[in-house]
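Peer 1: Data file structure_38.txt (compact mmCIF, C-alpha atoms (C1' of nucleotides)) is appended below.
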```
# COMPACT_ATOMS: atom_id res chain seq x y z
CA MET A 7 -6.36 19.06 42.91
CA LYS A 8 -4.68 15.75 43.51
CA LYS A 9 -5.97 12.93 41.39
CA ASP A 10 -6.62 9.60 43.06
CA LEU A 11 -4.32 6.88 41.85
CA MET A 12 -6.36 4.57 39.70
CA ALA A 13 -5.51 0.98 38.98
CA SER A 14 -6.22 -1.06 35.90
CA VAL A 15 -6.74 -4.48 37.45
CA PHE A 16 -4.70 -7.34 36.01
CA ASP A 17 -3.23 -10.64 37.12
CA ASN A 18 -0.41 -12.71 35.64
CA PHE A 19 1.31 -9.78 34.00
CA SER A 20 4.73 -8.53 34.95
CA TYR A 21 7.69 -6.96 33.24
CA ASP A 22 11.34 -7.65 33.87
CA LEU A 23 13.64 -4.90 32.69
CA VAL A 24 16.67 -7.05 31.92
CA HIS A 25 19.20 -4.53 30.66
CA ILE A 26 19.49 -0.89 29.69
CA ASP A 27 22.11 -0.02 27.08
CA SER A 28 24.59 2.25 28.79
CA LYS A 29 25.13 4.61 25.86
CA THR A 30 21.65 5.02 24.44
CA GLY A 31 19.12 4.00 27.04
CA ALA A 32 17.71 1.27 24.78
CA ARG A 33 15.99 -1.39 26.86
CA ALA A 34 15.79 -5.18 26.80
CA GLY A 35 13.10 -6.84 28.86
CA ILE A 36 10.56 -9.61 29.20
CA LEU A 37 6.83 -9.08 29.45
CA HIS A 38 5.07 -12.02 31.09
CA THR A 39 1.47 -12.59 29.96
CA PRO A 40 -1.11 -15.37 30.48
CA HIS A 41 -0.25 -16.82 27.06
CA GLY A 42 3.51 -16.63 27.37
CA ASP A 43 6.49 -14.34 27.59
CA ILE A 44 7.34 -11.58 25.18
CA GLU A 45 10.94 -10.56 24.80
CA THR A 46 11.32 -6.87 24.15
CA PRO A 47 12.10 -4.92 22.03
CA ILE A 48 9.46 -6.66 19.94
CA PHE A 49 7.78 -6.16 16.62
CA MET A 50 4.13 -7.31 16.62
CA PRO A 51 2.50 -8.27 13.30
CA VAL A 52 -0.97 -6.86 12.69
CA GLY A 53 -3.88 -9.21 12.08
CA THR A 54 -6.85 -6.88 12.03
CA ASN A 55 -9.50 -9.44 11.15
CA SER A 56 -8.09 -12.22 13.33
CA THR A 57 -5.62 -13.24 10.68
CA VAL A 58 -2.33 -11.74 9.61
CA LYS A 59 -3.27 -11.20 5.99
CA LEU A 60 -2.21 -14.11 3.75
CA VAL A 61 -0.14 -15.81 6.46
CA THR A 62 -1.17 -19.07 8.12
CA ASN A 63 -0.59 -19.56 11.84
CA HIS A 64 1.92 -22.26 10.92
CA HIS A 65 4.08 -19.77 9.04
CA LEU A 66 3.46 -17.09 11.63
CA TYR A 67 4.84 -19.29 14.41
CA GLU A 68 7.80 -19.99 12.16
CA THR A 69 8.61 -16.26 11.85
CA GLY A 70 9.10 -16.22 15.59
CA ALA A 71 6.11 -13.96 16.19
CA GLN A 72 5.56 -13.79 19.94
CA ILE A 73 2.38 -11.72 19.87
CA ILE A 74 -0.02 -10.50 17.20
CA LEU A 75 -2.61 -7.77 17.00
CA GLY A 76 -6.31 -7.88 16.32
CA ASN A 77 -8.70 -4.98 15.90
CA SER A 78 -11.76 -4.84 18.08
CA TYR A 79 -13.62 -2.43 15.82
CA HIS A 80 -13.30 -4.66 12.77
CA LEU A 81 -13.93 -7.85 14.75
CA TYR A 82 -17.00 -6.28 16.31
CA LEU A 83 -18.41 -5.60 12.84
CA ARG A 84 -17.35 -9.03 11.56
CA ALA A 85 -17.41 -11.76 12.84
CA GLY A 86 -18.85 -10.18 15.99
CA HIS A 87 -17.28 -10.25 19.44
CA LYS A 88 -20.06 -12.41 20.89
CA LEU A 89 -19.41 -15.11 18.31
CA ILE A 90 -15.69 -15.01 19.00
CA GLU A 91 -16.42 -15.30 22.72
CA LYS A 92 -18.32 -18.53 22.08
CA PHE A 93 -15.15 -20.04 20.61
CA GLY A 94 -13.18 -19.28 23.73
CA GLY A 95 -12.09 -15.82 22.68
CA ILE A 96 -9.69 -14.94 19.93
CA HIS A 97 -7.16 -17.63 20.89
CA GLY A 98 -9.66 -20.41 20.37
CA TRP A 99 -11.36 -18.66 17.49
CA MET A 100 -8.25 -18.37 15.34
CA ASN A 101 -6.37 -21.22 17.01
CA TRP A 102 -3.44 -19.03 18.05
CA ASN A 103 -1.88 -20.00 21.36
CA LYS A 104 0.47 -17.08 21.95
CA PRO A 105 -0.34 -13.61 23.25
CA VAL A 106 -2.70 -11.29 21.39
CA LEU A 107 -3.24 -7.55 21.67
CA THR A 108 -6.38 -5.83 20.44
CA ASP A 109 -6.62 -2.22 19.48
CA SER A 110 -9.67 -0.48 20.86
CA GLY A 111 -11.06 0.97 17.66
CA GLY A 112 -9.81 4.38 18.72
CA PHE A 113 -7.57 4.60 15.72
CA GLN A 114 -10.54 4.07 13.43
CA VAL A 115 -11.99 7.28 14.86
CA PHE A 116 -9.03 8.89 13.17
CA SER A 117 -8.58 6.80 10.04
CA LEU A 118 -12.27 6.62 9.14
CA ALA A 119 -12.76 10.28 9.94
CA HIS A 120 -15.41 10.87 7.30
CA LEU A 121 -17.60 8.09 8.68
CA ARG A 122 -17.98 9.14 12.30
CA LYS A 123 -19.38 11.62 14.80
CA ILE A 124 -17.57 12.14 18.08
CA SER A 125 -19.24 13.23 21.30
CA GLU A 126 -18.26 13.07 24.94
CA GLU A 127 -20.22 9.86 25.22
CA GLY A 128 -18.43 8.06 22.41
CA VAL A 129 -18.22 7.74 18.66
CA GLU A 130 -20.84 6.96 16.08
CA PHE A 131 -19.31 4.95 13.24
CA ARG A 132 -20.67 3.87 9.97
CA ASP A 133 -19.81 0.41 8.75
CA PRO A 134 -17.66 1.09 5.69
CA LYS A 135 -19.13 -1.98 4.04
CA ASP A 136 -22.87 -1.53 4.42
CA GLY A 137 -23.25 1.98 5.81
CA LYS A 138 -25.03 0.78 8.93
CA LYS A 139 -24.58 2.95 12.02
CA HIS A 140 -22.81 1.72 15.13
CA PHE A 141 -21.93 3.39 18.40
CA ILE A 142 -18.79 2.70 20.40
CA SER A 143 -18.06 4.24 23.75
CA PRO A 144 -15.19 3.45 26.14
CA GLU A 145 -17.53 1.06 27.97
CA ILE A 146 -18.62 -0.68 24.77
CA SER A 147 -15.00 -0.94 23.59
CA MET A 148 -14.11 -2.63 26.87
CA GLU A 149 -17.05 -4.99 26.54
CA ILE A 150 -15.99 -5.89 23.00
CA GLN A 151 -12.35 -6.35 23.94
CA GLN A 152 -13.22 -8.47 26.95
CA SER A 153 -15.35 -10.74 24.77
CA ILE A 154 -12.58 -11.04 22.22
CA GLY A 155 -10.29 -11.90 25.08
CA ALA A 156 -6.87 -10.67 23.98
CA ASP A 157 -4.12 -10.62 26.59
CA ILE A 158 -3.46 -6.94 26.13
CA ILE A 159 -6.31 -4.55 25.41
CA MET A 160 -6.03 -0.89 24.55
CA ALA A 161 -7.81 2.14 25.95
CA PHE A 162 -10.41 3.73 23.72
CA ASP A 163 -8.69 6.96 22.72
CA TRP A 164 -9.05 9.87 20.36
CA CYS A 165 -6.11 10.10 17.98
CA ALA A 166 -5.92 13.70 16.79
CA PRO A 167 -5.16 14.33 13.13
CA TYR A 168 -2.00 15.93 11.76
CA PRO A 169 -1.71 18.83 11.58
CA CYS A 170 -3.90 19.76 14.52
CA ASP A 171 -4.49 23.11 16.19
CA TYR A 172 -3.75 23.44 19.87
CA LYS A 173 -7.37 23.69 20.97
CA THR A 174 -8.37 20.47 19.20
CA ALA A 175 -5.24 18.68 20.38
CA LYS A 176 -5.97 19.64 23.98
CA GLU A 177 -9.61 18.65 23.66
CA ALA A 178 -8.67 15.28 22.17
CA MET A 179 -6.13 14.66 24.89
CA GLU A 180 -8.45 15.61 27.75
CA ARG A 181 -11.25 13.52 26.35
CA THR A 182 -8.82 10.62 25.90
CA HIS A 183 -8.00 10.94 29.61
CA ARG A 184 -11.66 10.98 30.64
CA TRP A 185 -12.31 8.01 28.39
CA LEU A 186 -9.37 6.20 29.97
CA GLU A 187 -10.95 6.58 33.41
CA ARG A 188 -14.19 5.17 32.00
CA CYS A 189 -12.30 2.26 30.41
CA ILE A 190 -10.70 1.42 33.73
CA LYS A 191 -14.07 1.49 35.50
CA ALA A 192 -15.70 -0.63 32.81
CA LYS A 193 -13.01 -3.28 32.71
CA THR A 194 -13.77 -6.26 34.92
CA SER A 195 -11.63 -9.09 33.53
CA LYS A 196 -8.43 -9.69 35.45
CA HIS A 197 -6.70 -11.88 32.90
CA GLN A 198 -6.32 -8.94 30.52
CA ALA A 199 -4.00 -5.97 30.82
CA LEU A 200 -5.31 -2.58 29.79
CA PHE A 201 -2.69 -0.25 28.30
CA PRO A 202 -3.41 3.47 28.62
CA ILE A 203 -2.50 5.63 25.63
CA CYS A 204 -0.62 8.90 25.77
CA GLN A 205 -1.91 11.52 23.36
CA GLY A 206 -1.24 15.26 23.08
CA ALA A 207 -0.58 15.54 19.36
CA PHE A 208 2.44 17.68 18.52
CA TYR A 209 2.64 20.01 21.51
CA ASP A 210 5.31 19.50 24.12
CA ASP A 211 3.22 20.65 27.07
CA LEU A 212 0.28 18.44 26.11
CA ARG A 213 2.51 15.42 25.59
CA LYS A 214 4.09 15.97 29.00
CA GLU A 215 0.71 16.41 30.64
CA SER A 216 -0.65 13.27 28.97
CA ALA A 217 2.43 11.21 29.87
CA ALA A 218 2.04 12.28 33.48
CA PHE A 219 -1.65 11.44 33.48
CA VAL A 220 -1.30 7.94 32.05
CA SER A 221 1.69 7.29 34.31
CA SER A 222 -0.43 8.03 37.34
CA ILE A 223 -2.38 4.90 36.53
CA ASP A 224 -1.11 1.53 37.61
CA ALA A 225 -1.01 -0.47 34.39
CA ALA A 226 0.95 -3.38 32.91
CA GLY A 227 2.25 -1.23 30.07
CA TYR A 228 1.85 2.16 28.42
CA ALA A 229 1.35 3.25 24.86
CA ILE A 230 2.38 6.29 22.88
CA GLY A 231 -0.37 7.01 20.37
CA GLY A 232 -1.07 9.74 17.87
CA LEU A 233 2.32 9.55 16.17
CA SER A 234 3.23 8.40 12.68
CA VAL A 235 0.11 10.04 11.34
CA GLY A 236 1.77 12.10 8.60
CA GLU A 237 4.43 14.10 10.43
CA ASP A 238 8.07 13.87 9.40
CA LYS A 239 10.50 11.53 11.14
CA GLU A 240 12.31 14.28 12.96
CA THR A 241 9.05 15.40 14.53
CA MET A 242 8.08 11.89 15.49
CA ASN A 243 11.47 11.25 17.05
CA HIS A 244 11.21 14.46 19.03
CA PHE A 245 7.92 13.45 20.60
CA VAL A 246 9.03 9.87 21.28
CA GLU A 247 12.14 11.24 22.93
CA LEU A 248 10.04 13.63 24.98
CA THR A 249 7.38 11.12 25.98
CA ALA A 250 9.05 7.75 26.55
CA PRO A 251 11.22 8.77 29.51
CA LEU A 252 8.15 10.20 31.27
CA LEU A 253 6.43 6.81 31.27
CA PRO A 254 7.08 4.33 34.13
CA HIS A 255 10.55 2.84 33.71
CA ASN A 256 9.61 -0.55 35.05
CA LYS A 257 6.86 -1.14 32.48
CA PRO A 258 6.93 -1.74 28.72
CA ARG A 259 6.34 1.15 26.36
CA TYR A 260 4.46 0.61 23.16
CA LEU A 261 4.79 2.99 20.21
CA MET A 262 1.60 2.41 18.26
CA GLY A 263 1.58 1.94 14.50
CA VAL A 264 5.33 2.12 13.96
CA GLY A 265 7.03 1.23 11.72
CA THR A 266 9.84 0.86 9.30
CA PRO A 267 13.20 -0.71 10.18
CA GLU A 268 14.69 2.74 10.72
CA ASP A 269 11.73 3.73 12.90
CA LEU A 270 12.38 0.67 15.06
CA LEU A 271 15.99 1.75 15.51
CA ASP A 272 14.94 5.28 16.39
CA GLY A 273 12.23 4.10 18.76
CA ILE A 274 14.38 1.52 20.55
CA LYS A 275 17.13 4.09 20.94
CA ARG A 276 14.66 6.34 22.74
CA GLY A 277 13.40 3.66 25.09
CA VAL A 278 10.47 2.09 23.25
CA ASP A 279 9.88 -1.63 23.81
CA MET A 280 6.97 -2.60 21.58
CA PHE A 281 6.02 -1.80 17.99
CA ASP A 282 3.31 -2.81 15.58
CA CYS A 283 2.75 -1.85 11.97
CA VAL A 284 0.79 -2.92 8.92
CA LEU A 285 3.73 -2.08 6.70
CA PRO A 286 5.33 -5.51 6.38
CA THR A 287 2.10 -7.12 5.24
CA ARG A 288 0.77 -4.22 3.21
CA ASN A 289 4.10 -3.65 1.52
CA ALA A 290 4.30 -7.35 0.74
CA ARG A 291 0.93 -7.24 -0.97
CA HIS A 292 2.18 -4.28 -3.00
CA GLY A 293 5.45 -5.96 -3.92
CA SER A 294 8.04 -4.23 -1.76
CA PHE A 295 10.28 -6.07 0.62
CA PHE A 296 12.69 -5.22 3.40
CA THR A 297 16.36 -6.10 3.21
CA TYR A 298 19.41 -5.18 5.23
CA GLU A 299 20.33 -3.01 2.25
CA GLY A 300 17.04 -1.10 2.23
CA LYS A 301 13.58 -1.56 0.84
CA LYS A 302 13.20 -2.95 -2.69
CA GLN A 303 10.42 -3.53 -5.21
CA ILE A 304 10.15 -7.10 -6.52
CA LYS A 305 8.39 -6.09 -9.74
CA ASN A 306 11.40 -4.15 -10.96
CA ALA A 307 12.93 -5.51 -14.16
CA GLN A 308 16.34 -5.93 -12.52
CA TYR A 309 15.07 -9.00 -10.66
CA GLN A 310 13.93 -10.85 -13.75
CA GLU A 311 16.91 -13.21 -13.70
CA ASP A 312 17.96 -12.75 -10.08
CA PHE A 313 18.43 -16.16 -8.51
CA ARG A 314 19.15 -14.82 -5.03
CA PRO A 315 16.69 -14.91 -2.14
CA LEU A 316 15.01 -11.64 -1.12
CA ASP A 317 17.76 -11.13 1.44
CA GLU A 318 20.82 -13.32 1.65
CA ASN A 319 21.00 -12.89 5.42
CA CYS A 320 17.41 -13.96 6.01
CA ASP A 321 16.36 -17.49 6.85
CA CYS A 322 12.61 -17.14 6.54
CA TYR A 323 10.58 -19.76 4.70
CA CYS A 324 10.52 -17.59 1.59
CA CYS A 325 14.27 -16.90 1.49
CA ASN A 326 15.09 -20.53 2.22
CA ASN A 327 13.02 -21.77 -0.69
CA HIS A 328 12.56 -19.20 -3.42
CA THR A 329 14.40 -16.76 -5.65
CA ARG A 330 13.67 -13.13 -6.48
CA ALA A 331 13.10 -14.12 -10.11
CA TYR A 332 10.45 -16.65 -9.10
CA LEU A 333 8.73 -14.19 -6.77
CA ARG A 334 8.78 -11.51 -9.46
CA HIS A 335 7.14 -13.97 -11.81
CA LEU A 336 4.40 -14.68 -9.26
CA TYR A 337 3.70 -10.95 -8.89
CA LYS A 338 3.69 -10.43 -12.63
CA CYS A 339 1.14 -13.22 -12.95
CA ASN A 340 -0.86 -11.83 -10.06
CA GLU A 341 -0.43 -15.06 -8.13
CA GLY A 342 -1.29 -14.50 -4.47
CA THR A 343 1.32 -17.00 -3.38
CA GLY A 344 3.95 -14.37 -4.07
CA GLN A 345 2.26 -11.94 -1.71
CA ALA A 346 1.91 -14.61 0.94
CA LEU A 347 5.59 -15.56 0.70
CA MET A 348 6.72 -11.97 0.82
CA SER A 349 4.46 -11.27 3.81
CA ILE A 350 6.28 -14.05 5.66
CA HIS A 351 9.61 -12.50 4.70
CA ASN A 352 8.72 -8.94 5.71
CA ILE A 353 7.29 -10.05 9.04
CA LYS A 354 10.28 -12.20 9.87
CA PHE A 355 12.59 -9.42 8.79
CA LEU A 356 11.17 -6.98 11.34
CA ILE A 357 10.88 -9.60 14.07
CA ASP A 358 14.50 -10.62 13.53
CA PHE A 359 15.57 -7.01 13.35
CA ALA A 360 14.04 -6.33 16.77
CA LYS A 361 15.57 -9.55 18.06
CA LYS A 362 19.03 -8.53 16.83
CA ALA A 363 18.56 -5.14 18.43
CA ARG A 364 17.74 -6.93 21.67
CA GLN A 365 20.94 -8.98 21.45
CA ALA A 366 22.90 -5.80 20.87
CA ILE A 367 21.32 -4.21 23.94
CA LEU A 368 22.10 -7.26 26.05
CA SER A 369 25.72 -7.05 24.97
CA ASP A 370 25.63 -3.32 25.62
CA SER A 371 26.44 -2.43 22.03
CA PHE A 372 23.18 -1.01 20.71
CA GLU A 373 24.81 2.21 19.55
CA ASP A 374 27.06 0.22 17.22
CA PHE A 375 24.08 -1.75 16.00
CA TYR A 376 22.21 1.49 15.36
CA ASN A 377 25.09 3.04 13.45
CA GLU A 378 25.77 -0.11 11.48
CA HIS A 379 22.22 -0.46 10.25
CA TYR A 380 20.65 2.98 10.24
CA THR A 381 21.80 4.29 6.88
CA ARG A 382 21.82 0.90 5.17
CA VAL A 383 18.28 -0.01 6.05
CA ILE A 384 16.83 3.24 4.74
CA SER A 385 15.66 3.17 1.17
C1' G B 13 -5.30 -13.21 -61.31
C1' C B 14 -9.78 -10.07 -60.17
C1' G B 15 -13.06 -7.53 -56.55
C1' C B 16 -14.07 -5.65 -51.67
C1' C B 17 -12.39 -4.43 -46.68
C1' U B 18 -8.51 -3.14 -43.14
C1' G B 19 -3.60 -1.00 -41.74
C1' U B 20 -2.86 4.67 -35.22
C1' C B 21 2.56 2.84 -28.85
C1' G B 22 4.18 -4.26 -27.13
C1' U B 23 -1.60 -5.39 -27.33
C1' C B 24 -6.82 -3.72 -27.91
C1' A B 25 -8.23 0.60 -29.76
C1' A B 26 -10.63 6.45 -29.97
C1' G B 27 -10.15 9.90 -33.75
C1' C B 28 -13.89 10.94 -39.69
C1' G B 29 -9.58 18.06 -42.66
C1' G B 30 -7.45 22.61 -37.54
C1' U B 31 -6.82 17.88 -30.81
C1' U B 32 -0.89 18.98 -26.68
C1' A B 33 -3.03 11.93 -31.28
C1' A B 34 -8.24 9.85 -26.01
C1' G B 35 -8.66 5.55 -23.02
C1' A B 36 -7.57 0.53 -21.38
C1' C B 37 -4.11 -3.42 -20.70
C1' C B 38 1.17 -4.43 -20.73
C1' U B 39 5.91 -2.27 -19.57
C1' C B 40 8.82 1.13 -16.32
C1' G B 41 9.27 3.99 -11.74
C1' G B 42 7.38 5.77 -6.95
C1' A B 43 4.24 5.82 -2.58
C1' U B 44 2.33 3.01 1.70
C1' U B 45 3.46 3.48 9.42
C1' G B 46 -2.57 1.29 16.17
C1' U B 47 -5.05 -2.16 7.66
C1' G B 48 -12.15 0.54 4.44
C1' G B 49 -6.73 -1.05 0.13
C1' U B 50 -4.12 -7.57 -4.86
C1' U B 51 -4.50 -0.05 -3.44
C1' C B 52 -2.92 4.80 -4.95
C1' C B 53 0.29 8.21 -7.90
C1' G B 54 3.47 9.17 -11.97
C1' A B 55 6.17 8.01 -16.85
C1' U B 56 6.11 6.13 -21.90
C1' A B 57 3.80 7.63 -30.02
C1' U B 58 7.21 14.93 -32.69
C1' G B 59 4.09 10.38 -34.77
C1' C B 60 -0.75 7.38 -37.27
C1' A B 61 2.11 0.70 -42.97
C1' U B 62 5.60 3.10 -46.92
C1' G B 63 6.25 6.81 -50.83
C1' G B 64 4.03 10.69 -53.44
C1' G B 65 0.03 14.34 -54.05
C1' U B 66 -4.32 17.92 -52.85
C1' U B 67 -4.80 21.86 -49.02
C1' C B 68 -3.11 27.77 -45.39
C1' G B 69 -3.44 23.08 -42.61
C1' A B 70 -3.72 15.67 -43.44
C1' A B 71 -3.88 10.04 -38.90
C1' U B 72 -8.21 11.99 -41.34
C1' C B 73 -9.08 13.41 -48.80
C1' C B 74 -6.56 11.36 -53.61
C1' C B 75 -2.81 8.01 -56.16
C1' A B 76 0.84 4.17 -56.02
C1' U B 77 3.35 0.37 -53.39
C1' C B 78 3.55 -3.14 -49.43
C1' A B 79 1.11 -6.20 -45.66
C1' G B 80 -3.24 -8.74 -43.58
C1' G B 81 -8.50 -10.46 -44.03
C1' C B 82 -12.78 -11.98 -46.93
C1' G B 83 -15.06 -13.36 -51.55
C1' C B 84 -14.76 -15.07 -56.75
C1' C B 85 -12.03 -17.55 -60.58
```
Re-express the file's structure as structure tokens.
Peer 2:
Amino acid sequence: MKKDLMASVFDNFSYDLVHIDSKTGARAGILHTPHGDIETPIFMPVGTNSTVKLVTNHHLYETGAQIILGNSYHLYLRAGHKLIEKFGGIHGWMNWNKPVLTDSGGFQVFSLAHLRKISEEGVEFRDPKDGKKHFISPEISMEIQQSIGADIIMAFDWCAPYPCDYKTAKEAMERTHRWLERCIKAKTSKHQALFPICQGAFYDDLRKESAAFVSSIDAAGYAIGGLSVGEDKETMNHFVELTAPLLPHNKPRYLMGVGTPEDLLDGIKRGVDMFDCVLPTRNARHGSFFTYEGKKQIKNAQYQEDFRPLDENCDCYCCNNHTRAYLRHLYKCNEGTGQALMSIHNIKFLIDFAKKARQAILSDSFEDFYNEHYTRVIS
RNA sequence: GCGCCUGUCGUCAAGCGGUUAAGACCUCGGAUUGUGGUUCCGAUAUGCAUGGGUUCGAAUCCCAUCAGGCGCC
């Protein structure tokens, strides 16, 4: 049976594929959105509760962030999407004038597994804070995300766990597809782009089927979901390599929830354009920081009298102003300023890393860039 | 000077004759991937102020010494 071509309606979005690296297939492009252009490959900082934890907008702009994430599930619980709508959507609410992407809450179906019940209709959640029950369906997720008003909104999907038996993986994928059709029908706003999400867990045939399904929909961009959920890197790379080329070439591809500097290299190499991850901010809160020589832990004794910046090749606010010894002191004293400064560093590190990768692609030398950095950047 | 009390990891401590000498903090190391996390995991005292003694067996009982606290001259 031939499926009718569906369209996720959107205005003011387009993607220019500027250059493809001749040796690797890595892509450089520009995604145009109502709140500005996004140069890809891009790393997008995560700001679940309409703030990138510990980082002010002022510093966030300074990192060169071109787009940030919010989470519709968490914003629905607090502060409430209707309240945010009254402030002109998330841009007015948090006073951020660049693009925003909201996740649908689909991932919380996976990450808060013990607090939910899934049915064909949708998912019953329990508020982790007060235990109160809530119900989110594809339609409700669209309603929430339209009120929040991000530029890019995500389909409400079912991210299967890892490991996952074939039957469950297939069920999750098929339901994700049905939910995608419901999302498309429920979405009415034209100033937002809805990204479908490819699922299929860790089965080649399911991944191929899902990639074909989402590609049959006319959308402004496409996401690869359900990866980086506990599998090893080799496995993840295999499924990115399998999936990415099956998605429309003239649209951006977003690998959800990834990742580390080495994951960015691996993803870009396989044709991924967009990444997001909580790691830079979470790691910063826990004291570890990215450098071009690998990840390090600021609380280690070796930094007690280290007068260097976190990374000598970084020009973030933190590296321009403070030493490792000072930052270590702040962590030892449990001063939140240290975490805030290191969050700025880690975010800028990944944003710059993606930007450098982009330059390498534009000069058709991404393979050299990959080889130069891959082993160094791994801890 | 006399009397009483106390001495267990860097710190605070459990232990009251048979324990692999708890636990907490600190210190040290490691995790973290569409954020329920300033979170989670792991390591660290062959030794209980020192020296003797009693006992099959002592951080635990006895004696001496040293150190600290309190009280009285």
Peer 1: Based on only C-alpha atoms (C1' of nucleotides), which of the residues in chain A come within 7 Å of chain B? I want them as a list in words.
Peer 2: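 Every residue meeting the condition is included here: Thr54, Asp109, Phe113, Pro134, Ser234, Met262, Gly263, Val264, Gly265, Thr266, Cys283, Val284, Leu285, Asn289 and Arg291 of chain A.
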Peer 1: Work out how far apart C1' of C38 in chain B and CA of Leu333 in chain A are and give it in Å to one decimal.
Peer 2: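 Going from C1' of C38 in chain B over to CA of Leu333 in chain A covers 18.6 Å.
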Peer 1: Might you pull out every residue within 12 Å of C24 in chain B, with all atoms listed in the file counted and same-chain residues fewer than 4 positions away left off, and present them as a list in words?
Peer 2: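 Counting all atoms listed in the file, the residues come to U20, G35, A36, C37 and C38 of chain B.
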Peer 1: Please return as a short mmCIF file (atom, residue, chain, number, x, y, z; two decimals) with C-alpha atoms (C1' of nucleotides), in the coordinates of the input every residue within 12 Å of (6.6, -4.1, -47.6), taking into account only C-alpha atoms (C1' of nucleotides) and the file's own coordinates.
Peer 2:
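This is the output file selection.cif:
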```cif
data_model
loop_
_atom_site.label_atom_id
_atom_site.label_comp_id
_atom_site.auth_asym_id
_atom_site.auth_seq_id
_atom_site.Cartn_x
_atom_site.Cartn_y
_atom_site.Cartn_z
"C1'" A B 61 2.11 0.70 -42.97
"C1'" U B 62 5.60 3.10 -46.92
"C1'" G B 63 6.25 6.81 -50.83
"C1'" U B 77 3.35 0.37 -53.39
"C1'" C B 78 3.55 -3.14 -49.43
"C1'" A B 79 1.11 -6.20 -45.66
"C1'" G B 80 -3.24 -8.74 -43.58
#
```
Peer 1: Which neighbours of range 13-15 of chain B fall inside 12 Å, counting only C-alpha atoms (C1' of nucleotides), when residues of the same chain fewer than 5 positions from it are skipped, and could you give them as a list in words?
Peer 2: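 Counting only the stated atoms, we get C82, G83, C84 and C85 of chain B.
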Peer 1: Is there a way to complete range 320-330 of chain A with N, CA, C and O atoms and then write that out as a PDB file, in the frame of the given file?
Peer 2:
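The new file rebuild10.pdb reads:
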```pdb
ATOM      1  N   CYS A 320      18.687 -13.612   5.388  1.00  0.00           N
ATOM      2  CA  CYS A 320      17.410 -13.960   6.010  1.00  0.00           C
ATOM      3  C   CYS A 320      17.196 -15.468   5.903  1.00  0.00           C
ATOM      4  O   CYS A 320      17.501 -16.074   4.890  1.00  0.00           O
ATOM      5  N   ASP A 321      16.650 -16.062   6.952  1.00  0.00           N
ATOM      6  CA  ASP A 321      16.360 -17.490   6.850  1.00  0.00           C
ATOM      7  C   ASP A 321      14.872 -17.771   7.052  1.00  0.00           C
ATOM      8  O   ASP A 321      14.469 -18.745   7.675  1.00  0.00           O
ATOM      9  N   CYS A 322      14.052 -16.907   6.489  1.00  0.00           N
ATOM     10  CA  CYS A 322      12.610 -17.140   6.540  1.00  0.00           C
ATOM     11  C   CYS A 322      12.244 -18.239   5.519  1.00  0.00           C
ATOM     12  O   CYS A 322      13.066 -18.609   4.674  1.00  0.00           O
ATOM     13  N   TYR A 323      11.052 -18.715   5.605  1.00  0.00           N
ATOM     14  CA  TYR A 323      10.580 -19.760   4.700  1.00  0.00           C
ATOM     15  C   TYR A 323      10.758 -19.352   3.240  1.00  0.00           C
ATOM     16  O   TYR A 323      11.177 -20.140   2.392  1.00  0.00           O
ATOM     17  N   CYS A 324      10.442 -18.100   2.957  1.00  0.00           N
ATOM     18  CA  CYS A 324      10.520 -17.590   1.590  1.00  0.00           C
ATOM     19  C   CYS A 324      11.976 -17.573   1.102  1.00  0.00           C
ATOM     20  O   CYS A 324      12.286 -18.063   0.015  1.00  0.00           O
ATOM     21  N   CYS A 325      12.862 -17.017   1.902  1.00  0.00           N
ATOM     22  CA  CYS A 325      14.270 -16.900   1.490  1.00  0.00           C
ATOM     23  C   CYS A 325      14.953 -18.265   1.427  1.00  0.00           C
ATOM     24  O   CYS A 325      15.886 -18.466   0.647  1.00  0.00           O
ATOM     25  N   ASN A 326      14.491 -19.197   2.249  1.00  0.00           N
ATOM     26  CA  ASN A 326      15.090 -20.530   2.220  1.00  0.00           C
ATOM     27  C   ASN A 326      14.652 -21.352   1.018  1.00  0.00           C
ATOM     28  O   ASN A 326      15.261 -22.373   0.703  1.00  0.00           O
ATOM     29  N   ASN A 327      13.586 -20.935   0.370  1.00  0.00           N
ATOM     30  CA  ASN A 327      13.020 -21.770  -0.690  1.00  0.00           C
ATOM     31  C   ASN A 327      12.895 -21.137  -2.070  1.00  0.00           C
ATOM     32  O   ASN A 327      12.760 -21.850  -3.058  1.00  0.00           O
ATOM     33  N   HIS A 328      12.898 -19.808  -2.130  1.00  0.00           N
ATOM     34  CA  HIS A 328      12.560 -19.200  -3.420  1.00  0.00           C
ATOM     35  C   HIS A 328      13.472 -18.034  -3.810  1.00  0.00           C
ATOM     36  O   HIS A 328      14.043 -17.371  -2.952  1.00  0.00           O
ATOM     37  N   THR A 329      13.549 -17.818  -5.113  1.00  0.00           N
ATOM     38  CA  THR A 329      14.400 -16.760  -5.650  1.00  0.00           C
ATOM     39  C   THR A 329      13.590 -15.495  -5.945  1.00  0.00           C
ATOM     40  O   THR A 329      12.368 -15.537  -6.069  1.00  0.00           O
ATOM     41  N   ARG A 330      14.313 -14.398  -6.097  1.00  0.00           N
ATOM     42  CA  ARG A 330      13.670 -13.130  -6.480  1.00  0.00           C
ATOM     43  C   ARG A 330      12.996 -13.277  -7.843  1.00  0.00           C
ATOM     44  O   ARG A 330      11.896 -12.759  -8.057  1.00  0.00           O
TER      45      ARG A 330
END
```
